[in-house]
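J.: Quick one: structure below, then a few questions.
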Amino acid sequence: LYHSSRQSARRWNGNYKHGSKKLSDVSKAKKLTINLTANGVTKTLRKKRMESLQHVLTKAVLWKCYMEDYPGIEIEYDVGDPDYLPDVISWNETSKEPLFWGESGRMKMHKALDLMRRYPRTHIVHCRWGMNTTDFSEPFIDFIRQEVEEGRLENPASWWKGKFSFASLPLDVWRFIDEDTRTILVTKDDLEWKDLNRSLCELL
């Protein structure tokens, strides 16, 4: 029996399949460090255990999409907010306010409204994957409307000077990453967009 088990082990080892190196095959349970490049700049991103790869790559996509609009944009840079660490950020050292604040994946509506209140001149972008922008923008608009109607929030049209954008990527976010060079190939045109602007707030 022992001899037979050793033979079985040898046969099993002989048929061992090496793990895939494709991004699409990365397990959610796996830790990963990945270097990604956009416009000649390389960033090192770290995927935590039980964090989806889509979450990590969506941060990189936002970073790439807004590099030219917001020079000095960073991924997960602590700007001293008492409650939140931005996924993507561009910080104005003069005014001590963010010019851009990007969130990847799920975001509670209370947090989104908190960001609008704290940074009323900031461009905030909430990006998700595998969803229509309407599916997560409309609930937030309804939430703001309810807060205004019930007297907990002054109409943002009177105090908010920023911009709030909703963006959506396909579920297979890795298709925008060159597997050989780890270059981010996405452009803004590859995403679906919807904006919450001041004119819309005036209708609340």
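Chain labels follow the order of the structure tokens: the first chain is A, the next B, and so on; residue numbering restarts at 1 in every chain, and ligands are counted from 1 in their shown order.
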Please report, as a ChimeraX atom specification, each residue of stretch 26-123 of chain A to which DSSP assigns strand (DSSP E or B) when run on this structure's backbone.

T.: /A:32-38,41-47,74-75,88-92,97-104,123

J.: Got a sec: who's within 8 Å of A:Cys65, counting only C-alpha atoms, leaving out chain neighbours fewer than 5 positions off, as a VMD selection string?

T.: chain A and resid 186 to 188

J.: Generate a file of the selected residues that holds N, CA, C and O atoms, formatted as a compact mmCIF listing (two decimals), in the first residue's frame.

T.:
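Final file, again22.txt:
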# COMPACT_ATOMS: atom_id res chain seq x y z
N VAL A 186 -6.15 51.71 -21.26
CA VAL A 186 -7.48 52.28 -21.24
C VAL A 186 -7.48 53.77 -21.55
O VAL A 186 -6.50 54.48 -21.29
N THR A 187 -8.57 54.26 -22.13
CA THR A 187 -8.82 55.69 -22.29
C THR A 187 -10.20 55.99 -21.70
O THR A 187 -10.99 55.08 -21.44
N LYS A 188 -10.50 57.24 -21.54
CA LYS A 188 -11.80 57.61 -20.99
C LYS A 188 -12.95 57.11 -21.87
O LYS A 188 -14.04 56.83 -21.38

J.: Where in stretch 64-177 of chain A does DSSP assign alpha helix (DSSP H), given as JSON, numbers by chain?

T.: {"A": [64, 65, 109, 110, 111, 112, 113, 114, 115, 116, 117, 118, 133, 134, 135, 136, 137, 138, 139, 140, 141, 142, 143, 144, 145, 146, 147, 148, 149]}

J.: Which distance in Å separates atom CA of A:Arg117 and atom CA of A:Val61, to one decimal?

T.: 25.7 Å

J.: Have a look at A:Leu169, A:Val56, A:Ala29, A:Val41 and name the one nearest to A:Asp87; count only C-alpha atoms.

T.: A:Val56

J.: Between A:Asp180, A:Glu68, A:Leu53, A:Ile73, which has the minimum distance to A:Ser27 (counting only C-alpha atoms)?

T.: A:Leu53

J.: May I ask which of the residues A:Lys48, A:Gln54, A:Pro98, A:Pro156 is the closest one to A:Gly72, counting only C-alpha atoms?

T.: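 Once distances to A:Gly72 are computed over only C-alpha atoms, the minimum belongs to A:Pro98.
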
J.: Would you mind telling me which residue in A:Ser168, A:Thr122, A:Gln146, A:Ser104 lies nearest to A:His55 when using only C-alpha atoms?

T.: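 Under the stated criterion, the closest residue is A:Ser104.
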
J.: Rank A:Lys59, A:Lys96, A:Lys64, A:Lys163 by their smallest atom-to-atom distance to A:Gly40, using only C-alpha atoms, and report the top residue only.

T.: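 Closest to A:Gly40, using only C-alpha atoms: A:Lys64.
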
J.: Using only C-alpha atoms, find the one residue out of A:Ser52, A:Ser90, A:Thr44, A:Ser95 that sits nearest to A:Asp69.

T.: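 Going through A:Ser52, A:Ser90, A:Thr44, A:Ser95 one by one, the smallest distance to A:Asp69 is for A:Ser90.
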
J.: What separation in Å, quoted to one decimal, exists between atom CA of A:Asp172 and atom CA of A:Ala112?

T.: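 Atom-to-atom, atom CA of A:Asp172 to atom CA of A:Ala112, that is 25.2 Å.
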
J.: Could you tell me how far atom CA of A:Glu138 lies from atom CA of A:Pro120, in Å and to one decimal?

T.: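 Between atom CA of A:Glu138 and atom CA of A:Pro120 the gap works out to 20.1 Å.
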
J.: Can you pull out every residue within 12 Å of A:Glu97, counting only C-alpha atoms, but drop anything in the same chain fewer than 4 positions away, and send it as a PDB file with C-alpha atoms, in the first residue's frame?

T.:
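Contents of the output file selection_13.pdb:
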ATOM      1  CA  VAL A  79      -3.775  63.429   2.587  1.00  0.00           C
ATOM      2  CA  GLY A  80      -4.685  63.555   6.265  1.00  0.00           C
ATOM      3  CA  ASP A  81      -8.438  63.114   5.985  1.00  0.00           C
ATOM      4  CA  ILE A  89      -5.952  61.619  -5.335  1.00  0.00           C
ATOM      5  CA  SER A  90      -4.579  64.867  -6.701  1.00  0.00           C
ATOM      6  CA  TRP A  91      -3.740  67.311  -3.906  1.00  0.00           C
ATOM      7  CA  ASN A  92      -3.375  71.082  -4.033  1.00  0.00           C
ATOM      8  CA  GLU A  93      -0.600  71.987  -1.595  1.00  0.00           C
ATOM      9  CA  TRP A 101     -10.684  62.319  -5.430  1.00  0.00           C
ATOM     10  CA  LEU A 115     -16.773  63.972   0.533  1.00  0.00           C
ATOM     11  CA  ARG A 118     -15.751  68.361   3.037  1.00  0.00           C
ATOM     12  CA  TYR A 119     -14.401  69.153  -0.413  1.00  0.00           C
ATOM     13  CA  PRO A 120     -17.070  71.209  -2.205  1.00  0.00           C
ATOM     14  CA  ARG A 121     -14.720  72.324  -4.990  1.00  0.00           C
ATOM     15  CA  THR A 122     -13.249  68.885  -5.738  1.00  0.00           C
ATOM     16  CA  HIS A 123     -13.840  66.658  -8.738  1.00  0.00           C
ATOM     17  CA  GLY A 162     -17.352  70.800  -7.627  1.00  0.00           C
TER      18      GLY A 162
END
